[in-house]
Every structure is written in C-alpha cells, then in structure tokens.
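Please read the structure below before turning to the comments.
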Amino acid sequence: EGKLKNKLTEFNKLDLNDDGVFHIDAAFDQLAVKVLEWIVFPLTLQEFTTKYFEKRALIIKRGGALDYTNLLSLDRVKKLVRQKELRFNQDLHVTKYIKAKKHIIGTPDDIVDSDLLWDFFNVQKCSIRMLRPHEHFKELSKVMSLYEHVFSSGAGLNCYLTPKADKGVSQG
C-alpha cells in the first residue's frame, strides 16, 4: 500500500501545460512507467506485459474504492452532474435489466437532471455508465495521456456505477 501512495503522490504533482498536454522528457517517461505500475499493481509490469497485454482480460481487485478517490469518486460525479449540462446517451447511459431485457433510459436530446439520475440509481436500481469521464476530470485525463504515451496508441475510458446486488450495465 505504501508503494501505491508514493506513485500516486508523484502522479498528483504532474501538471498539464496551458495547451492541456504534457512536456515529453525523460522524467515524463519515468512517471508514465510509474503510473502504469500503479494501475497494474499488484502485478509487475513484466508480468502484465508478458501474460496479459493484448493476450487476455485482466481484472484487478484491490483495496476498494479508496484506491481511486484521487482520480474519481461518487461525490465528484454527483458534483459534475449538478454543474454541467450532460445528456443521456451522449454523456451518460442509464440502463436497467428487467426479465433479462435491457432498457435504456432517456434520449440524446434529454438533459440529465441530477435528482432524477440519482433516483434512477438509488431507488429504481439502474446502472449508470459515464462516457469519457477524462473529458471532465483532469486526473483521468493525465492517466489517459500517460497510458497513450507508454503504448503509443489512443485509449478510451468509461466508468460504471452499479447498484448493490446488481450485475451492472452488461448482463451477458
């Protein structure tokens, strides 16, 4: 756990320039590797690249939500929904499975109402998928930039909120 905190501390010091991009240098390369080590922990980078990268899926379970609160938290998502004009099916997907059939809430023209969204989640037990959260949260944007730099490839990111005792967005 101490190793994770050290890597995260270095990551939090990293800042984007005025253009929203990083200056690429040796220190940036070193940091990119450290962030990737943090992402795949408890695996080593060697184990990740030889056994998993472009070979098979990997699920890492560790320490719960506290590991990621500097990147994303429920409170930050709630604040974003209150402050920004987000749209159903463009920024957020809200889904519920009833008798194994997927029901999607809202149309792309519908602006997300914060109270209604959390009613869908808390009361009606719908799952929420946030599309491209890195467009709204600087810390996630940093991670994506570092990831793209290490792998010389574009990357995308979604986040999922699933009510307790639910299988989530994908029931398959």
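Chains: A, B, ... in order of the structure tokens. Residues: from 1 per chain. Ligands: from 1, in order shown.
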
Hey, what's within 12 Å of A:Phe121 if we count only C-alpha atoms and toss same-chain stuff fewer than 4 positions away? As a PDB file with N, CA, C and O atoms, in the first residue's frame, please?
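The file below, out_16.pdb, is the result:
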```pdb
ATOM      1  N   LEU A  74     -17.614   9.124  -6.256  1.00  0.00           N
ATOM      2  CA  LEU A  74     -19.042   9.343  -6.434  1.00  0.00           C
ATOM      3  C   LEU A  74     -19.399  10.800  -6.167  1.00  0.00           C
ATOM      4  O   LEU A  74     -20.200  11.396  -6.898  1.00  0.00           O
ATOM      5  N   LYS A  78     -21.280  13.289  -8.767  1.00  0.00           N
ATOM      6  CA  LYS A  78     -22.521  13.991  -8.406  1.00  0.00           C
ATOM      7  C   LYS A  78     -22.381  15.498  -8.628  1.00  0.00           C
ATOM      8  O   LYS A  78     -23.292  16.145  -9.148  1.00  0.00           O
ATOM      9  N   HIS A  93     -25.057   6.782 -19.906  1.00  0.00           N
ATOM     10  CA  HIS A  93     -26.042   5.762 -20.243  1.00  0.00           C
ATOM     11  C   HIS A  93     -26.659   5.290 -18.939  1.00  0.00           C
ATOM     12  O   HIS A  93     -25.930   4.965 -17.991  1.00  0.00           O
ATOM     13  N   VAL A  94     -27.969   5.262 -18.891  1.00  0.00           N
ATOM     14  CA  VAL A  94     -28.678   4.745 -17.724  1.00  0.00           C
ATOM     15  C   VAL A  94     -29.472   3.542 -18.206  1.00  0.00           C
ATOM     16  O   VAL A  94     -30.282   3.653 -19.125  1.00  0.00           O
ATOM     17  N   THR A  95     -29.193   2.382 -17.602  1.00  0.00           N
ATOM     18  CA  THR A  95     -29.833   1.152 -18.059  1.00  0.00           C
ATOM     19  C   THR A  95     -30.369   0.347 -16.889  1.00  0.00           C
ATOM     20  O   THR A  95     -29.890   0.454 -15.758  1.00  0.00           O
ATOM     21  N   LYS A  96     -31.362  -0.465 -17.207  1.00  0.00           N
ATOM     22  CA  LYS A  96     -31.927  -1.393 -16.226  1.00  0.00           C
ATOM     23  C   LYS A  96     -32.351  -2.650 -16.985  1.00  0.00           C
ATOM     24  O   LYS A  96     -32.892  -2.564 -18.083  1.00  0.00           O
ATOM     25  N   ILE A 105     -32.612   4.342 -20.563  1.00  0.00           N
ATOM     26  CA  ILE A 105     -33.379   5.496 -20.101  1.00  0.00           C
ATOM     27  C   ILE A 105     -32.929   6.742 -20.853  1.00  0.00           C
ATOM     28  O   ILE A 105     -31.743   7.009 -20.967  1.00  0.00           O
ATOM     29  N   SER A 114     -30.104  16.026 -12.212  1.00  0.00           N
ATOM     30  CA  SER A 114     -29.362  15.385 -11.137  1.00  0.00           C
ATOM     31  C   SER A 114     -30.272  14.572 -10.213  1.00  0.00           C
ATOM     32  O   SER A 114     -29.971  13.414  -9.905  1.00  0.00           O
ATOM     33  N   ASP A 115     -31.351  15.163  -9.740  1.00  0.00           N
ATOM     34  CA  ASP A 115     -32.244  14.457  -8.811  1.00  0.00           C
ATOM     35  C   ASP A 115     -32.834  13.211  -9.464  1.00  0.00           C
ATOM     36  O   ASP A 115     -32.925  12.149  -8.841  1.00  0.00           O
ATOM     37  N   LEU A 116     -33.225  13.331 -10.723  1.00  0.00           N
ATOM     38  CA  LEU A 116     -33.802  12.196 -11.442  1.00  0.00           C
ATOM     39  C   LEU A 116     -32.764  11.088 -11.647  1.00  0.00           C
ATOM     40  O   LEU A 116     -33.048   9.906 -11.469  1.00  0.00           O
ATOM     41  N   LEU A 117     -31.542  11.477 -12.005  1.00  0.00           N
ATOM     42  CA  LEU A 117     -30.487  10.490 -12.217  1.00  0.00           C
ATOM     43  C   LEU A 117     -30.239   9.665 -10.957  1.00  0.00           C
ATOM     44  O   LEU A 117     -30.176   8.435 -11.015  1.00  0.00           O
ATOM     45  N   LYS A 125     -32.739   1.340  -9.045  1.00  0.00           N
ATOM     46  CA  LYS A 125     -31.615   0.406  -9.190  1.00  0.00           C
ATOM     47  C   LYS A 125     -31.130   0.273 -10.631  1.00  0.00           C
ATOM     48  O   LYS A 125     -30.833  -0.811 -11.117  1.00  0.00           O
ATOM     49  N   CYS A 126     -31.037   1.412 -11.323  1.00  0.00           N
ATOM     50  CA  CYS A 126     -30.474   1.440 -12.672  1.00  0.00           C
ATOM     51  C   CYS A 126     -28.957   1.575 -12.578  1.00  0.00           C
ATOM     52  O   CYS A 126     -28.432   2.154 -11.628  1.00  0.00           O
ATOM     53  N   SER A 127     -28.269   1.052 -13.570  1.00  0.00           N
ATOM     54  CA  SER A 127     -26.820   1.222 -13.675  1.00  0.00           C
ATOM     55  C   SER A 127     -26.521   2.463 -14.496  1.00  0.00           C
ATOM     56  O   SER A 127     -27.282   2.819 -15.404  1.00  0.00           O
ATOM     57  N   ILE A 128     -25.413   3.109 -14.185  1.00  0.00           N
ATOM     58  CA  ILE A 128     -25.001   4.327 -14.894  1.00  0.00           C
ATOM     59  C   ILE A 128     -23.618   4.092 -15.476  1.00  0.00           C
ATOM     60  O   ILE A 128     -22.711   3.642 -14.776  1.00  0.00           O
ATOM     61  N   ARG A 129     -23.471   4.380 -16.749  1.00  0.00           N
ATOM     62  CA  ARG A 129     -22.156   4.353 -17.391  1.00  0.00           C
ATOM     63  C   ARG A 129     -21.836   5.775 -17.825  1.00  0.00           C
ATOM     64  O   ARG A 129     -22.584   6.379 -18.598  1.00  0.00           O
ATOM     65  N   TYR A 160     -18.301   3.067 -14.489  1.00  0.00           N
ATOM     66  CA  TYR A 160     -19.572   2.404 -14.248  1.00  0.00           C
ATOM     67  C   TYR A 160     -19.982   2.534 -12.793  1.00  0.00           C
ATOM     68  O   TYR A 160     -19.162   2.336 -11.900  1.00  0.00           O
ATOM     69  N   LEU A 161     -21.236   2.852 -12.581  1.00  0.00           N
ATOM     70  CA  LEU A 161     -21.836   2.858 -11.246  1.00  0.00           C
ATOM     71  C   LEU A 161     -22.943   1.821 -11.258  1.00  0.00           C
ATOM     72  O   LEU A 161     -23.877   1.914 -12.054  1.00  0.00           O
ATOM     73  N   THR A 162     -22.811   0.849 -10.381  1.00  0.00           N
ATOM     74  CA  THR A 162     -23.763  -0.250 -10.360  1.00  0.00           C
ATOM     75  C   THR A 162     -24.367  -0.363  -8.967  1.00  0.00           C
ATOM     76  O   THR A 162     -23.635  -0.422  -7.989  1.00  0.00           O
ATOM     77  N   PRO A 163     -25.696  -0.392  -8.877  1.00  0.00           N
ATOM     78  CA  PRO A 163     -26.328  -0.555  -7.560  1.00  0.00           C
ATOM     79  C   PRO A 163     -25.922  -1.887  -6.927  1.00  0.00           C
ATOM     80  O   PRO A 163     -25.626  -2.858  -7.636  1.00  0.00           O
ATOM     81  N   LYS A 164     -25.906  -1.925  -5.608  1.00  0.00           N
ATOM     82  CA  LYS A 164     -25.584  -3.166  -4.910  1.00  0.00           C
ATOM     83  C   LYS A 164     -26.536  -4.273  -5.351  1.00  0.00           C
ATOM     84  O   LYS A 164     -27.696  -4.026  -5.636  1.00  0.00           O
ATOM     85  N   ASP A 166     -26.604  -5.891  -8.079  1.00  0.00           N
ATOM     86  CA  ASP A 166     -26.999  -5.826  -9.482  1.00  0.00           C
ATOM     87  C   ASP A 166     -25.796  -6.265 -10.308  1.00  0.00           C
ATOM     88  O   ASP A 166     -24.650  -6.092  -9.911  1.00  0.00           O
ATOM     89  N   GLY A 168     -25.034  -5.033 -13.252  1.00  0.00           N
ATOM     90  CA  GLY A 168     -24.458  -3.907 -13.950  1.00  0.00           C
ATOM     91  C   GLY A 168     -24.992  -3.680 -15.345  1.00  0.00           C
ATOM     92  O   GLY A 168     -26.028  -4.191 -15.737  1.00  0.00           O
ATOM     93  N   VAL A 169     -24.213  -2.910 -16.119  1.00  0.00           N
ATOM     94  CA  VAL A 169     -24.617  -2.485 -17.455  1.00  0.00           C
ATOM     95  C   VAL A 169     -24.741  -3.662 -18.398  1.00  0.00           C
ATOM     96  O   VAL A 169     -25.632  -3.727 -19.226  1.00  0.00           O
TER      97      VAL A 169
END
```

8 Å contact set for A:Leu72, only C-alpha atoms, chain neighbours under 5 positions out, as a ChimeraX atom specification: /A:77,137,140

Polymer residues at most 8 Å from A:Leu131, only C-alpha atoms, same-chain spacing of 3 or more positions, as a compact mmCIF listing (two decimals) with N, CA and C atoms, in the first residue's frame:
```
# COMPACT_ATOMS: atom_id res chain seq x y z
N GLN A 90 -25.33 10.42 -24.50
CA GLN A 90 -24.15 11.07 -25.06
C GLN A 90 -23.06 11.14 -24.00
N ASP A 91 -23.45 11.50 -22.80
CA ASP A 91 -22.51 11.61 -21.68
C ASP A 91 -22.73 10.51 -20.65
N LEU A 92 -23.95 10.08 -20.49
CA LEU A 92 -24.30 9.04 -19.52
C LEU A 92 -25.28 8.06 -20.14
N HIS A 93 -25.06 6.78 -19.91
CA HIS A 93 -26.04 5.76 -20.24
C HIS A 93 -26.66 5.29 -18.94
N LEU A 157 -12.00 5.66 -22.16
CA LEU A 157 -12.30 5.36 -20.77
C LEU A 157 -13.78 5.60 -20.52
N ASN A 158 -14.41 4.68 -19.83
CA ASN A 158 -15.76 4.84 -19.31
C ASN A 158 -15.71 4.44 -17.84
N CYS A 159 -16.65 4.93 -17.05
CA CYS A 159 -16.74 4.46 -15.67
C CYS A 159 -18.17 3.99 -15.43
```

Selection near A:Leu43, 10 Å with only C-alpha atoms, sequence-local residues under 6 positions removed, as a list of chain:residue names: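 Contacts, with the query itself left out: A:Glu37, A:Thr49, A:Ile60.
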
Name all residues at most 9 Å from A:Glu139 (count only C-alpha atoms; drop same-chain ones fewer than 2 positions away) and give them as a VMD selection string. chain A and resid 11 to 12 70 to 72 134 137 141 to 144

Could you check which of A:Ala57, A:Phe120, A:Leu80, A:Leu146 is closest to A:Ile39, using only C-alpha atoms?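 The closest residue to A:Ile39 is A:Leu146.
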
Counting only C-alpha atoms, the residue of A:Glu85, A:Glu148, A:Asp113, A:Glu47 that sits nearest A:Ala32: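 Using only C-alpha atoms, A:Ala32 sits closest to A:Glu148.
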
Just how far from atom CA of A:Ile104 is atom CA of A:Ala155, in Å to one decimal? 25.4 Å

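Around A:Ile111, within 7 Å and counting only C-alpha atoms, the residues found are Glu85, Leu86, Arg87 and Phe88 of chain A, once anything fewer than 6 positions away on its own chain is removed.
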
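The space separating atom CA of A:Trp118 from atom CA of A:Arg82 comes to 10.9 Å.
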
Exercise: A:Phe48 partners within 12 Å, only C-alpha atoms, chain neighbours under 2 positions left out, as a PyMOL selection string: chain A and resi 36-46+50-60

Restricting the output to C-alpha atoms, write the selected residues as a PDB file, in the first residue's frame.
```
ATOM      1  CA  LEU A  36       1.317   2.115 -15.239  1.00  0.00           C
ATOM      2  CA  GLU A  37       2.921   0.170 -12.376  1.00  0.00           C
ATOM      3  CA  TRP A  38       0.314   1.717 -10.070  1.00  0.00           C
ATOM      4  CA  ILE A  39      -2.517   0.740 -12.429  1.00  0.00           C
ATOM      5  CA  VAL A  40      -1.492  -2.931 -12.718  1.00  0.00           C
ATOM      6  CA  PHE A  41      -0.385  -3.368  -9.076  1.00  0.00           C
ATOM      7  CA  PRO A  42      -0.060  -5.984  -7.527  1.00  0.00           C
ATOM      8  CA  LEU A  43       1.284  -7.359 -10.822  1.00  0.00           C
ATOM      9  CA  THR A  44       4.689  -6.266 -12.048  1.00  0.00           C
ATOM     10  CA  LEU A  45       4.929  -4.555 -15.421  1.00  0.00           C
ATOM     11  CA  GLN A  46       6.843  -7.544 -16.757  1.00  0.00           C
ATOM     12  CA  THR A  50       4.088 -10.981 -20.855  1.00  0.00           C
ATOM     13  CA  LYS A  51       0.896 -12.597 -19.564  1.00  0.00           C
ATOM     14  CA  TYR A  52      -1.918 -10.112 -20.214  1.00  0.00           C
ATOM     15  CA  PHE A  53      -1.202  -7.209 -22.559  1.00  0.00           C
ATOM     16  CA  GLU A  54      -3.058  -7.860 -25.838  1.00  0.00           C
ATOM     17  CA  LYS A  55      -3.478 -11.508 -24.802  1.00  0.00           C
ATOM     18  CA  ARG A  56      -6.304 -11.810 -22.298  1.00  0.00           C
ATOM     19  CA  ALA A  57      -8.541  -9.813 -19.998  1.00  0.00           C
ATOM     20  CA  LEU A  58      -7.331  -8.781 -16.580  1.00  0.00           C
ATOM     21  CA  ILE A  59      -9.422  -7.803 -13.579  1.00  0.00           C
ATOM     22  CA  ILE A  60      -7.522  -6.297 -10.675  1.00  0.00           C
TER      23      ILE A  60
END
```

Identify all residues of stretch 89-126 of chain A in helix (DSSP H, G or I) (DSSP on the backbone) and supply them as number ranges by chain. A: 114-122

Out of stretch 15-169 of chain A, which residues get strand (DSSP E or B) from DSSP, as a ChimeraX atom specification? /A:87-88,92-98,101-105,111,127-131,158-161

Between A:Asn89, A:His149, A:Ile98, A:Lys34, single out the one closest to A:Gln124, counting only C-alpha atoms.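 Comparing A:Asn89, A:His149, A:Ile98, A:Lys34 against A:Gln124, the winner is A:Ile98.
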
Quick one: pull the distance between atom CA of A:Pro108 and atom CA of A:Thr69, Å, one decimal. 29.2 Å
